[in-house]
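Trainee: Contents of run34.txt (compact mmCIF, C-alpha atoms (C1' of nucleotides)) are given next:
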```txt
# COMPACT_ATOMS: atom_id res chain seq x y z
CA MET W 1 -8.89 25.51 38.30
CA ASP W 2 -7.72 23.51 35.30
CA MET W 3 -6.60 20.13 36.48
CA THR W 4 -4.32 19.63 33.52
CA PHE W 5 -2.23 22.63 34.46
CA TYR W 6 1.38 21.79 35.22
CA SER W 7 3.07 24.13 37.62
CA ALA W 8 6.84 24.38 37.54
CA GLU W 9 7.04 22.15 40.62
CA LEU W 10 4.74 19.49 39.28
CA LEU W 11 6.60 19.38 35.99
CA LYS W 12 9.91 19.13 37.83
CA GLN W 13 8.50 16.33 39.93
CA GLU W 14 7.35 14.38 36.90
CA LEU W 15 10.68 14.84 35.19
CA ASN W 16 12.85 14.02 38.18
CA ASP W 17 10.82 10.93 38.92
CA ARG W 18 12.01 9.58 35.61
CA GLY W 19 15.60 10.73 35.95
CA TYR W 20 15.14 13.75 33.71
CA ARG W 21 15.79 17.38 34.56
CA LEU W 22 13.74 20.49 34.49
CA THR W 23 15.30 23.02 32.14
CA PRO W 24 14.09 26.48 31.22
CA GLN W 25 13.49 25.21 27.69
CA ARG W 26 11.18 22.43 28.80
CA GLN W 27 9.32 24.80 31.06
CA LYS W 28 8.81 27.34 28.29
CA ILE W 29 7.62 24.78 25.81
CA LEU W 30 5.04 23.35 28.16
CA ASP W 31 3.97 26.90 29.00
CA ILE W 32 3.14 27.57 25.38
CA PHE W 33 0.84 24.59 25.29
CA GLN W 34 -0.81 25.65 28.50
CA ALA W 35 -1.28 29.17 27.22
CA GLN W 36 -3.39 27.94 24.30
CA PRO W 37 -7.03 28.76 25.01
CA GLN W 38 -8.41 25.43 23.80
CA GLY W 39 -5.35 23.24 23.84
CA GLU W 40 -4.85 23.66 20.11
CA HIS W 41 -2.52 21.30 18.32
CA LEU W 42 0.80 22.91 17.48
CA SER W 43 3.63 21.96 15.16
CA ALA W 44 7.30 21.96 16.10
CA GLU W 45 7.87 24.78 13.67
CA PHE W 46 5.08 26.88 15.16
CA LEU W 47 6.43 26.41 18.67
CA HIS W 48 9.89 27.38 17.54
CA GLN W 49 8.68 30.59 15.93
CA ASP W 50 6.35 31.44 18.74
CA LEU W 51 9.18 31.08 21.23
CA SER W 52 11.40 33.27 19.07
CA GLN W 53 8.83 36.01 19.02
CA GLU W 54 8.82 35.99 22.77
CA GLY W 55 12.57 36.34 22.78
CA GLU W 56 13.17 32.72 23.77
CA HIS W 57 15.79 31.29 21.49
CA ILE W 58 15.35 27.56 21.75
CA SER W 59 16.78 25.45 18.96
CA LEU W 60 14.54 23.41 16.75
CA SER W 61 16.36 20.24 17.84
CA THR W 62 15.49 20.95 21.43
CA VAL W 63 11.90 21.56 20.49
CA TYR W 64 11.74 18.18 18.77
CA ARG W 65 13.54 16.42 21.62
CA THR W 66 11.21 17.99 24.16
CA LEU W 67 8.12 17.06 22.20
CA HIS W 68 9.19 13.44 22.02
CA LEU W 69 10.03 13.40 25.69
CA MET W 70 6.67 14.78 26.65
CA VAL W 71 4.80 12.41 24.38
CA ASN W 72 6.61 9.53 26.06
CA MET W 73 5.80 10.96 29.46
CA GLY W 74 2.16 11.19 28.48
CA LEU W 75 1.99 14.97 28.79
CA LEU W 76 1.39 15.49 25.08
CA ARG W 77 -0.41 13.68 22.29
CA GLU W 78 1.11 13.36 18.86
CA LEU W 79 -1.34 13.83 16.00
CA GLU W 80 -1.04 12.98 12.33
CA LEU W 81 -3.43 15.31 10.63
CA ALA W 82 -3.48 16.18 6.94
CA GLU W 83 -0.77 18.81 6.63
CA GLY W 84 2.38 16.80 6.08
CA HIS W 85 3.86 17.35 9.51
CA LYS W 86 3.02 16.27 13.01
CA HIS W 87 1.03 18.22 15.53
CA TYR W 88 1.11 18.06 19.28
CA GLU W 89 -1.42 18.96 21.91
CA LEU W 90 -1.82 18.69 25.67
CA ASN W 91 -2.92 15.21 26.57
CA ARG W 92 -6.00 16.03 28.56
CA PRO W 93 -7.77 13.42 30.65
CA LEU W 94 -10.19 11.00 29.03
CA ARG W 95 -13.15 13.11 30.03
CA GLU W 96 -11.99 15.77 27.59
CA HIS W 97 -10.59 13.35 25.09
CA HIS W 98 -11.57 14.33 21.59
CA HIS W 99 -11.27 13.45 17.94
CA HIS W 100 -10.69 15.35 14.71
CA LEU W 101 -12.58 16.23 11.59
CA VAL W 102 -10.26 17.55 8.89
CA CYS W 103 -11.07 19.20 5.61
CA VAL W 104 -8.64 17.81 3.06
CA HIS W 105 -8.86 20.95 0.95
CA CYS W 106 -8.46 23.85 3.38
CA ASN W 107 -7.19 21.88 6.39
CA LYS W 108 -9.78 23.42 8.65
CA THR W 109 -10.01 21.10 11.64
CA LEU W 110 -12.87 20.66 14.06
CA GLU W 111 -12.80 18.71 17.29
CA PHE W 112 -15.54 16.63 18.76
CA SER W 113 -15.96 14.25 21.65
CA ASP W 114 -17.72 10.95 21.79
CA THR W 115 -17.33 8.59 24.70
CA GLN W 116 -18.82 5.76 22.66
CA ILE W 117 -15.79 5.81 20.40
CA ASP W 118 -13.32 5.72 23.25
CA GLN W 119 -15.22 2.85 24.81
CA VAL W 120 -15.37 0.84 21.63
CA GLY W 121 -11.68 1.48 21.05
CA GLU W 122 -10.76 0.41 24.54
CA LYS W 123 -12.87 -2.71 24.22
CA GLN W 124 -11.36 -3.69 20.86
CA ALA W 125 -7.82 -3.12 22.08
CA ASN W 126 -8.32 -5.05 25.27
CA ALA W 127 -9.79 -7.94 23.35
CA ALA W 128 -6.49 -8.12 21.46
CA GLY W 129 -4.50 -7.83 24.67
CA TYR W 130 -3.23 -4.34 23.87
CA TYR W 131 -2.77 -1.60 26.42
CA VAL W 132 -4.14 1.65 24.95
CA LEU W 133 -1.98 4.77 24.96
CA ASP W 134 -4.08 6.85 22.63
CA CYS W 135 -7.29 6.56 20.65
CA GLN W 136 -7.71 8.83 17.64
CA LEU W 137 -10.66 8.94 15.33
CA THR W 138 -9.85 11.11 12.35
CA LEU W 139 -12.45 11.95 9.77
CA TYR W 140 -11.19 13.23 6.43
CA GLY W 141 -13.61 15.05 4.23
CA THR W 142 -14.64 18.34 2.73
CA CYS W 143 -16.03 21.17 4.78
CA PRO W 144 -19.15 23.09 3.70
CA GLU W 145 -17.07 25.90 2.18
CA CYS W 146 -14.85 23.61 0.10
CA ASP W 147 -17.61 21.29 -1.00
CA ARG W 148 -18.59 21.87 -4.57
CA MET C 149 -16.11 -12.96 -6.81
CA ASP C 150 -14.46 -10.02 -5.17
CA MET C 151 -16.49 -6.95 -5.94
CA THR C 152 -13.58 -4.60 -5.39
CA PHE C 153 -11.56 -6.21 -8.15
CA TYR C 154 -10.55 -3.88 -10.93
CA SER C 155 -10.03 -5.54 -14.27
CA ALA C 156 -7.83 -3.83 -16.82
CA GLU C 157 -10.94 -2.64 -18.65
CA LEU C 158 -12.64 -1.27 -15.57
CA LEU C 159 -9.50 0.57 -14.53
CA LYS C 160 -9.12 2.02 -18.00
CA GLN C 161 -12.73 3.11 -17.91
CA GLU C 162 -12.31 4.85 -14.57
CA LEU C 163 -9.16 6.59 -15.72
CA ASN C 164 -10.46 7.67 -19.11
CA ASP C 165 -13.64 9.02 -17.59
CA ARG C 166 -11.48 11.52 -15.78
CA GLY C 167 -9.21 12.33 -18.67
CA TYR C 168 -6.38 10.10 -17.46
CA ARG C 169 -4.73 7.25 -19.30
CA LEU C 170 -4.13 3.63 -18.56
CA THR C 171 -0.43 2.89 -18.51
CA PRO C 172 1.34 -0.37 -17.78
CA GLN C 173 2.74 1.24 -14.61
CA ARG C 174 -0.68 2.07 -13.24
CA GLN C 175 -1.94 -1.36 -14.08
CA LYS C 176 0.97 -3.08 -12.34
CA ILE C 177 0.67 -0.97 -9.23
CA LEU C 178 -3.01 -1.69 -8.82
CA ASP C 179 -2.29 -5.36 -9.49
CA ILE C 180 0.08 -5.48 -6.53
CA PHE C 181 -2.64 -4.18 -4.24
CA GLN C 182 -5.13 -6.66 -5.60
CA ALA C 183 -2.68 -9.50 -5.17
CA GLN C 184 -2.44 -8.89 -1.41
CA PRO C 185 -4.40 -11.61 0.38
CA GLN C 186 -6.00 -9.30 2.92
CA GLY C 187 -5.60 -5.93 1.29
CA GLU C 188 -2.60 -5.12 3.47
CA HIS C 189 -1.41 -1.56 3.66
CA LEU C 190 1.74 -0.97 1.62
CA SER C 191 4.28 1.83 1.53
CA ALA C 192 5.58 3.49 -1.62
CA GLU C 193 8.99 2.02 -0.92
CA PHE C 194 7.62 -1.49 -0.54
CA LEU C 195 5.72 -1.25 -3.80
CA HIS C 196 8.79 -0.01 -5.57
CA GLN C 197 10.92 -2.91 -4.31
CA ASP C 198 8.23 -5.47 -4.90
CA LEU C 199 7.87 -4.30 -8.49
CA SER C 200 11.63 -4.45 -8.97
CA GLN C 201 11.74 -8.03 -7.80
CA GLU C 202 9.18 -8.89 -10.43
CA GLY C 203 11.34 -7.25 -13.05
CA GLU C 204 9.09 -4.21 -13.34
CA HIS C 205 11.27 -1.15 -13.21
CA ILE C 206 8.92 1.63 -12.25
CA SER C 207 10.47 4.77 -10.82
CA LEU C 208 9.70 5.85 -7.28
CA SER C 209 8.29 9.11 -8.59
CA THR C 210 5.79 7.23 -10.69
CA VAL C 211 4.84 5.12 -7.71
CA TYR C 212 4.16 8.23 -5.66
CA ARG C 213 2.28 9.92 -8.48
CA THR C 214 0.16 6.85 -9.03
CA LEU C 215 -0.63 6.49 -5.35
CA HIS C 216 -1.83 10.06 -5.15
CA LEU C 217 -3.87 9.68 -8.29
CA MET C 218 -5.58 6.58 -6.97
CA VAL C 219 -6.27 8.12 -3.61
CA ASN C 220 -7.94 11.03 -5.37
CA MET C 221 -9.91 8.63 -7.51
CA GLY C 222 -11.06 6.81 -4.41
CA LEU C 223 -9.39 3.52 -5.35
CA LEU C 224 -6.94 3.65 -2.46
CA ARG C 225 -6.94 4.86 1.13
CA GLU C 226 -4.00 6.74 2.58
CA LEU C 227 -3.10 5.75 6.13
CA GLU C 228 -0.95 7.49 8.72
CA LEU C 229 0.23 4.74 10.97
CA ALA C 230 3.15 4.86 13.37
CA GLU C 231 6.13 4.24 11.16
CA GLY C 232 7.09 7.63 9.82
CA HIS C 233 5.81 7.08 6.31
CA LYS C 234 2.44 6.71 4.70
CA HIS C 235 0.73 3.47 3.88
CA TYR C 236 -1.84 2.75 1.22
CA GLU C 237 -4.48 0.10 0.90
CA LEU C 238 -7.36 -0.78 -1.38
CA ASN C 239 -10.35 1.32 -0.48
CA ARG C 240 -12.87 -1.42 0.07
CA PRO C 241 -16.57 -0.69 0.44
CA LEU C 242 -17.99 0.42 3.76
CA ARG C 243 -19.05 -3.10 4.62
CA GLU C 244 -15.39 -4.05 4.91
CA HIS C 245 -14.26 -0.74 6.27
CA HIS C 246 -11.89 -1.22 9.14
CA HIS C 247 -9.69 0.50 11.68
CA HIS C 248 -6.21 -0.02 13.07
CA LEU C 249 -4.59 -0.98 16.33
CA VAL C 250 -0.87 -0.24 16.31
CA CYS C 251 1.82 -1.25 18.76
CA VAL C 252 4.08 1.75 19.17
CA HIS C 253 7.03 -0.46 20.04
CA CYS C 254 7.07 -3.20 17.44
CA ASN C 255 4.64 -1.62 14.94
CA LYS C 256 2.59 -4.78 14.78
CA THR C 257 -0.78 -3.68 13.40
CA LEU C 258 -4.15 -5.36 13.77
CA GLU C 259 -7.32 -4.48 11.96
CA PHE C 260 -10.82 -4.52 13.28
CA SER C 261 -14.24 -3.44 12.12
CA ASP C 262 -16.94 -1.67 13.99
CA THR C 263 -19.95 -0.21 12.26
CA GLN C 264 -20.79 1.84 15.34
CA ILE C 265 -17.65 3.89 14.83
CA ASP C 266 -18.36 4.57 11.20
CA GLN C 267 -21.89 5.60 12.08
CA VAL C 268 -20.82 7.92 14.86
CA GLY C 269 -18.19 9.43 12.58
CA GLU C 270 -20.66 9.99 9.78
CA LYS C 271 -23.13 11.54 12.19
CA GLN C 272 -20.57 13.91 13.71
CA ALA C 273 -19.29 14.99 10.33
CA ASN C 274 -22.73 15.57 8.89
CA ALA C 275 -23.66 17.64 11.91
CA ALA C 276 -20.77 19.93 11.02
CA GLY C 277 -21.77 19.98 7.37
CA TYR C 278 -18.76 17.96 6.22
CA TYR C 279 -18.85 15.35 3.51
CA VAL C 280 -16.88 12.30 4.69
CA LEU C 281 -14.17 10.84 2.48
CA ASP C 282 -12.58 8.56 5.05
CA CYS C 283 -13.05 7.62 8.67
CA GLN C 284 -10.03 6.22 10.51
CA LEU C 285 -9.91 5.14 14.11
CA THR C 286 -6.34 4.46 15.11
CA LEU C 287 -5.49 3.02 18.49
CA TYR C 288 -1.91 3.41 19.65
CA GLY C 289 -0.72 1.17 22.41
CA THR C 290 1.49 -1.71 23.40
CA CYS C 291 0.85 -5.24 22.27
CA PRO C 292 0.97 -8.17 24.69
CA GLU C 293 4.55 -9.03 23.68
CA CYS C 294 5.89 -5.52 24.14
CA ASP C 295 4.02 -4.78 27.31
CA ARG C 296 6.22 -4.80 30.33
C1' DA B 297 31.32 16.51 39.76
C1' DT B 298 28.67 13.86 36.78
C1' DG B 299 25.76 12.74 33.63
C1' DG B 300 21.69 14.78 31.40
C1' DG B 301 20.60 18.72 28.14
C1' DT B 302 21.51 22.24 24.62
C1' DG B 303 22.82 24.42 20.19
C1' DC B 304 24.77 24.05 15.91
C1' DA B 305 25.55 22.12 11.61
C1' DA B 306 25.42 18.24 9.00
C1' DA B 307 23.00 14.04 7.80
C1' DC B 308 18.80 11.60 6.67
C1' DT B 309 14.16 9.99 5.10
C1' DG B 310 10.29 10.24 2.71
C1' DT B 311 8.30 12.81 -0.81
C1' DT B 312 7.90 16.26 -4.61
C1' DT B 313 9.24 18.63 -8.87
C1' DG B 314 11.44 20.30 -13.49
C1' DC B 315 12.45 18.72 -17.72
C1' DA B 316 13.35 16.11 -21.88
C1' DA B 317 11.93 11.85 -23.85
C1' DT B 318 8.04 8.61 -24.53
C1' DC B 319 3.64 6.62 -24.95
C1' DT B 320 -1.70 6.61 -25.00
C1' DG B 321 -6.11 7.79 -26.85
C1' DC F 322 -0.50 14.20 -33.03
C1' DA F 323 -1.55 16.55 -28.72
C1' DG F 324 -1.28 16.10 -24.36
C1' DA F 325 -0.71 12.94 -20.61
C1' DT F 326 2.90 10.19 -18.37
C1' DT F 327 7.40 8.56 -17.39
C1' DG F 328 12.32 8.39 -15.51
C1' DC F 329 16.01 10.72 -13.83
C1' DA F 330 18.28 13.78 -10.93
C1' DA F 331 17.97 17.49 -8.17
C1' DA F 332 15.28 19.92 -4.73
C1' DC F 333 12.54 19.83 -0.60
C1' DA F 334 10.46 19.60 4.17
C1' DG F 335 10.41 17.85 8.34
C1' DT F 336 12.97 15.48 11.51
C1' DT F 337 17.09 13.26 13.62
C1' DT F 338 21.92 12.91 15.07
C1' DG F 339 27.06 13.70 16.47
C1' DC F 340 29.63 16.40 19.15
C1' DA F 341 31.61 19.98 22.07
C1' DC F 342 30.04 22.86 25.63
C1' DC F 343 26.88 23.82 29.50
C1' DC F 344 23.98 23.35 33.46
C1' DA F 345 20.66 20.94 36.86
C1' DT F 346 20.89 17.88 40.59
```
Translate this file's structure into structure tokens.

Mentor:
Amino acid sequence: MDMTFYSAELLKQELNDRGYRLTPQRQKILDIFQAQPQGEHLSAEFLHQDLSQEGEHISLSTVYRTLHLMVNMGLLRELELAEGHKHYELNRPLREHHHHLVCVHCNKTLEFSDTQIDQVGEKQANAAGYYVLDCQLTLYGTCPECDR
Amino acid sequence: MDMTFYSAELLKQELNDRGYRLTPQRQKILDIFQAQPQGEHLSAEFLHQDLSQEGEHISLSTVYRTLHLMVNMGLLRELELAEGHKHYELNRPLREHHHHLVCVHCNKTLEFSDTQIDQVGEKQANAAGYYVLDCQLTLYGTCPECDR
DNA sequence: ATGGGTGCAAACTGTTTGCAATCTG
DNA sequence: CAGATTGCAAACAGTTTGCACCCAT
């Protein structure tokens, strides 16, 4: 019912097509992303700990290597929010593409969608001859609670 | 003729108003930004080296501390581009506010402006009760030269 | 069986911090 | 002169890498 769901077979397919292999580690890591209710953005550290809690002992290096691999394959998006480390999230289709609103004080982050932005971005990039891989609007500000 | 130019007096004023002091280091660092023809985005490391070449021996720590101070004062903008370290640029008024288009292969970065984006961002943030400090649209892709 | 993948520990990069000395207002 | 600011060196966090062993195809 969710078209961005990757079954074990589909993931294997995608990997093999590029000469990569399906390993239990890669499977587990993608599973964690798919188990997130709203496709939240996760850090490498969070993934590592979450896996540990489930009894899956996957090294941090492997987590990082897998994240990079999946970003390159287009399965994940890499985000630079305001916390000093990168975050990753499932790269959902354009329809569900969204942007971020971050509070620089408490780091609370809201998501929102706006097709206008994606269209303008696409247009601007194409005008410069660029092929767009990702389009991220990030708004930095103060949320109602942190605003004095 | 450039309304974002900070003279020594104006900078001192801004600093003193907040209980900070004008030091030669702070002056020199802001000067470097103002000497950039297009307000290019600079890294801490670049600033440090550039200052050294001019015979100004300012420690890296001071560069970092000054950058943070000026971001908090609203004089500079902090950017997260694709190179693994932060970049800073003069925070020009909204009229000249711009966004970035980055090639993930060669890191070539183009700037563009689009008031629509800033408006949409402002609108979205206000709807959530956030006060906007900065609005950054970053497009990641491949430039014509790197596109295969 | 072969070459891609993993875990571990060590290396690295960019950034931050403690502290004594120094300078600004 | 008090308190802000600096430089230095050491500490840090997140991420990357070399290498021997292991496993998917």

Trainee: Which value, in Å to one decimal, gives the distance between C1' of DG328 (chain F) and CA of His205 (chain C)?

Mentor: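 Computing the Euclidean distance for C1' of DG328 (chain F) and CA of His205 (chain C) yields 9.9 Å.
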
Trainee: Extract, using only C-alpha atoms (C1' of nucleotides), all DNA, RNA and protein residues at most 9 Å from Glu193 (chain C), discarding same-chain residues fewer than 5 positions from it, and format them as a list in words.

Mentor: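 My reading of the contact set: Asp198, Leu208 and Val211 of chain C.
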
Trainee: What would you get as a JSON list (two decimals) with C-alpha atoms, keeping the file's coordinate frame if chain W were moved onto chain C by least squares over all of its C-alpha atoms in order?

Mentor:
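In the end it all went to result-v7.json:
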```json
[["chain", "number", "residue", "atom", "x", "y", "z"],
["W", 1, "MET", "CA", -16.02, -13.00, -6.87],
["W", 2, "ASP", "CA", -14.41, -10.04, -5.12],
["W", 3, "MET", "CA", -16.38, -6.96, -5.94],
["W", 4, "THR", "CA", -13.44, -4.68, -5.32],
["W", 5, "PHE", "CA", -11.44, -6.30, -8.08],
["W", 6, "TYR", "CA", -10.51, -3.93, -10.88],
["W", 7, "SER", "CA", -10.05, -5.55, -14.23],
["W", 8, "ALA", "CA", -7.90, -3.80, -16.80],
["W", 9, "GLU", "CA", -11.04, -2.58, -18.57],
["W", 10, "LEU", "CA", -12.71, -1.25, -15.47],
["W", 11, "LEU", "CA", -9.56, 0.57, -14.42],
["W", 12, "LYS", "CA", -9.22, 2.04, -17.90],
["W", 13, "GLN", "CA", -12.83, 3.14, -17.76],
["W", 14, "GLU", "CA", -12.38, 4.86, -14.43],
["W", 15, "LEU", "CA", -9.25, 6.60, -15.61],
["W", 16, "ASN", "CA", -10.57, 7.69, -18.99],
["W", 17, "ASP", "CA", -13.73, 9.02, -17.42],
["W", 18, "ARG", "CA", -11.56, 11.52, -15.62],
["W", 19, "GLY", "CA", -9.33, 12.34, -18.56],
["W", 20, "TYR", "CA", -6.49, 10.14, -17.38],
["W", 21, "ARG", "CA", -4.84, 7.28, -19.23],
["W", 22, "LEU", "CA", -4.25, 3.68, -18.49],
["W", 23, "THR", "CA", -0.54, 2.94, -18.50],
["W", 24, "PRO", "CA", 1.25, -0.32, -17.82],
["W", 25, "GLN", "CA", 2.68, 1.25, -14.66],
["W", 26, "ARG", "CA", -0.72, 2.09, -13.23],
["W", 27, "GLN", "CA", -2.00, -1.35, -14.07],
["W", 28, "LYS", "CA", 0.93, -3.05, -12.37],
["W", 29, "ILE", "CA", 0.67, -0.97, -9.26],
["W", 30, "LEU", "CA", -3.01, -1.67, -8.81],
["W", 31, "ASP", "CA", -2.30, -5.35, -9.47],
["W", 32, "ILE", "CA", 0.08, -5.48, -6.54],
["W", 33, "PHE", "CA", -2.60, -4.18, -4.23],
["W", 34, "GLN", "CA", -5.09, -6.66, -5.58],
["W", 35, "ALA", "CA", -2.65, -9.50, -5.17],
["W", 36, "GLN", "CA", -2.40, -8.89, -1.42],
["W", 37, "PRO", "CA", -4.35, -11.60, 0.38],
["W", 38, "GLN", "CA", -5.97, -9.28, 2.92],
["W", 39, "GLY", "CA", -5.54, -5.91, 1.30],
["W", 40, "GLU", "CA", -2.53, -5.13, 3.46],
["W", 41, "HIS", "CA", -1.33, -1.56, 3.65],
["W", 42, "LEU", "CA", 1.81, -0.98, 1.61],
["W", 43, "SER", "CA", 4.36, 1.80, 1.51],
["W", 44, "ALA", "CA", 5.64, 3.47, -1.64],
["W", 45, "GLU", "CA", 9.04, 2.00, -0.98],
["W", 46, "PHE", "CA", 7.67, -1.51, -0.59],
["W", 47, "LEU", "CA", 5.74, -1.25, -3.85],
["W", 48, "HIS", "CA", 8.81, -0.01, -5.64],
["W", 49, "GLN", "CA", 10.94, -2.90, -4.42],
["W", 50, "ASP", "CA", 8.26, -5.46, -4.98],
["W", 51, "LEU", "CA", 7.86, -4.29, -8.56],
["W", 52, "SER", "CA", 11.61, -4.45, -9.07],
["W", 53, "GLN", "CA", 11.73, -8.02, -7.90],
["W", 54, "GLU", "CA", 9.17, -8.89, -10.50],
["W", 55, "GLY", "CA", 11.29, -7.25, -13.14],
["W", 56, "GLU", "CA", 9.06, -4.19, -13.42],
["W", 57, "HIS", "CA", 11.23, -1.13, -13.29],
["W", 58, "ILE", "CA", 8.89, 1.66, -12.33],
["W", 59, "SER", "CA", 10.44, 4.79, -10.88],
["W", 60, "LEU", "CA", 9.72, 5.84, -7.36],
["W", 61, "SER", "CA", 8.28, 9.14, -8.64],
["W", 62, "THR", "CA", 5.76, 7.26, -10.70],
["W", 63, "VAL", "CA", 4.84, 5.13, -7.74],
["W", 64, "TYR", "CA", 4.18, 8.24, -5.67],
["W", 65, "ARG", "CA", 2.27, 9.95, -8.48],
["W", 66, "THR", "CA", 0.15, 6.86, -9.01],
["W", 67, "LEU", "CA", -0.62, 6.50, -5.33],
["W", 68, "HIS", "CA", -1.81, 10.08, -5.12],
["W", 69, "LEU", "CA", -3.88, 9.68, -8.23],
["W", 70, "MET", "CA", -5.57, 6.59, -6.92],
["W", 71, "VAL", "CA", -6.23, 8.11, -3.53],
["W", 72, "ASN", "CA", -7.92, 11.03, -5.28],
["W", 73, "MET", "CA", -9.91, 8.63, -7.42],
["W", 74, "GLY", "CA", -11.02, 6.80, -4.31],
["W", 75, "LEU", "CA", -9.36, 3.52, -5.27],
["W", 76, "LEU", "CA", -6.89, 3.66, -2.40],
["W", 77, "ARG", "CA", -6.87, 4.88, 1.18],
["W", 78, "GLU", "CA", -3.91, 6.73, 2.61],
["W", 79, "LEU", "CA", -3.01, 5.75, 6.16],
["W", 80, "GLU", "CA", -0.80, 7.47, 8.70],
["W", 81, "LEU", "CA", 0.32, 4.72, 10.98],
["W", 82, "ALA", "CA", 3.25, 4.84, 13.39],
["W", 83, "GLU", "CA", 6.23, 4.14, 11.16],
["W", 84, "GLY", "CA", 7.20, 7.54, 9.85],
["W", 85, "HIS", "CA", 5.93, 7.05, 6.33],
["W", 86, "LYS", "CA", 2.56, 6.68, 4.72],
["W", 87, "HIS", "CA", 0.82, 3.46, 3.88],
["W", 88, "TYR", "CA", -1.77, 2.75, 1.25],
["W", 89, "GLU", "CA", -4.40, 0.09, 0.94],
["W", 90, "LEU", "CA", -7.30, -0.77, -1.35],
["W", 91, "ASN", "CA", -10.29, 1.32, -0.43],
["W", 92, "ARG", "CA", -12.82, -1.41, 0.09],
["W", 93, "PRO", "CA", -16.51, -0.66, 0.44],
["W", 94, "LEU", "CA", -17.92, 0.47, 3.76],
["W", 95, "ARG", "CA", -19.05, -3.02, 4.61],
["W", 96, "GLU", "CA", -15.41, -4.05, 4.91],
["W", 97, "HIS", "CA", -14.24, -0.74, 6.25],
["W", 98, "HIS", "CA", -11.87, -1.24, 9.13],
["W", 99, "HIS", "CA", -9.69, 0.50, 11.66],
["W", 100, "HIS", "CA", -6.21, -0.01, 13.08],
["W", 101, "LEU", "CA", -4.62, -0.98, 16.34],
["W", 102, "VAL", "CA", -0.90, -0.24, 16.34],
["W", 103, "CYS", "CA", 1.76, -1.24, 18.80],
["W", 104, "VAL", "CA", 4.04, 1.75, 19.24],
["W", 105, "HIS", "CA", 6.98, -0.46, 20.14],
["W", 106, "CYS", "CA", 7.04, -3.21, 17.52],
["W", 107, "ASN", "CA", 4.64, -1.64, 15.01],
["W", 108, "LYS", "CA", 2.55, -4.78, 14.85],
["W", 109, "THR", "CA", -0.80, -3.68, 13.45],
["W", 110, "LEU", "CA", -4.16, -5.36, 13.82],
["W", 111, "GLU", "CA", -7.32, -4.47, 11.96],
["W", 112, "PHE", "CA", -10.82, -4.51, 13.28],
["W", 113, "SER", "CA", -14.24, -3.44, 12.09],
["W", 114, "ASP", "CA", -16.96, -1.66, 13.94],
["W", 115, "THR", "CA", -19.95, -0.19, 12.19],
["W", 116, "GLN", "CA", -20.81, 1.85, 15.27],
["W", 117, "ILE", "CA", -17.67, 3.90, 14.76],
["W", 118, "ASP", "CA", -18.36, 4.58, 11.12],
["W", 119, "GLN", "CA", -21.90, 5.60, 11.98],
["W", 120, "VAL", "CA", -20.86, 7.93, 14.75],
["W", 121, "GLY", "CA", -18.21, 9.43, 12.49],
["W", 122, "GLU", "CA", -20.66, 9.97, 9.68],
["W", 123, "LYS", "CA", -23.15, 11.53, 12.05],
["W", 124, "GLN", "CA", -20.60, 13.91, 13.58],
["W", 125, "ALA", "CA", -19.28, 14.97, 10.19],
["W", 126, "ASN", "CA", -22.71, 15.56, 8.75],
["W", 127, "ALA", "CA", -23.67, 17.64, 11.74],
["W", 128, "ALA", "CA", -20.76, 19.93, 10.85],
["W", 129, "GLY", "CA", -21.75, 19.96, 7.19],
["W", 130, "TYR", "CA", -18.74, 17.92, 6.09],
["W", 131, "TYR", "CA", -18.81, 15.30, 3.38],
["W", 132, "VAL", "CA", -16.85, 12.26, 4.60],
["W", 133, "LEU", "CA", -14.11, 10.79, 2.42],
["W", 134, "ASP", "CA", -12.55, 8.54, 5.00],
["W", 135, "CYS", "CA", -13.03, 7.60, 8.63],
["W", 136, "GLN", "CA", -10.03, 6.21, 10.49],
["W", 137, "LEU", "CA", -9.94, 5.15, 14.09],
["W", 138, "THR", "CA", -6.37, 4.47, 15.12],
["W", 139, "LEU", "CA", -5.54, 3.05, 18.49],
["W", 140, "TYR", "CA", -1.95, 3.43, 19.67],
["W", 141, "GLY", "CA", -0.77, 1.20, 22.43],
["W", 142, "THR", "CA", 1.41, -1.70, 23.43],
["W", 143, "CYS", "CA", 0.76, -5.23, 22.31],
["W", 144, "PRO", "CA", 0.86, -8.16, 24.75],
["W", 145, "GLU", "CA", 4.43, -9.05, 23.76],
["W", 146, "CYS", "CA", 5.82, -5.53, 24.21],
["W", 147, "ASP", "CA", 3.92, -4.78, 27.38],
["W", 148, "ARG", "CA", 6.14, -4.93, 30.40]]
```

Trainee: Give me the residues within 10 Å of Lys256 (chain C) as a list in words, counting all atoms listed in the file and dropping any in the same chain fewer than 6 places off.

Mentor: Ala230, Leu249, Val250, Thr290, Cys291 and Cys294 of chain C

Trainee: Residues of chain F within 12 Å of chain C, counting all atoms listed in the file - could you list those as a ChimeraX atom specification?

Mentor: /F:324-330,335-336

Trainee: Using only C-alpha atoms (C1' of nucleotides), select each residue of chain B with any atom at most 12 Å away from an atom of chain C, and give the selection as number ranges by chain.

Mentor: B: 309-313, 318-321

Trainee: Enclose all atoms of region 326-342 of chain F listed in the file in an axis-aligned box, grow every side by 5 Å, and hand back centre and edge lengths in Å to one decimal, as lines of an AutoDock Vina configuration file.

Mentor:
```
center_x = 17.3
center_y = 15.6
center_z = 3.6
size_x = 38.7
size_y = 24.5
size_z = 54.0
```

Trainee: Can you tell me how far CA of Glu157 (chain C) sits from CA of Leu215 (chain C), in Å to one decimal?

Mentor: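 Computing it gives 19.1 Å between the two atoms.
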
Trainee: In Å, rounded to a single decimal, give me how far CA of Tyr88 (chain W) is from CA of Ser43 (chain W).

Mentor: 6.2 Å

Trainee: Taking (22.4, 16.4, 42.0) as a centre in this file's frame and 9 Å as the limit, can you find every polymer residue with an atom that close, using only C-alpha atoms (C1' of nucleotides), and give them as a compact mmCIF listing (two decimals) with C-alpha atoms (C1' of nucleotides), in the frame of the given file?

Mentor:
```txt
# COMPACT_ATOMS: atom_id res chain seq x y z
C1' DT B 298 28.67 13.86 36.78
C1' DA F 345 20.66 20.94 36.86
C1' DT F 346 20.89 17.88 40.59
```
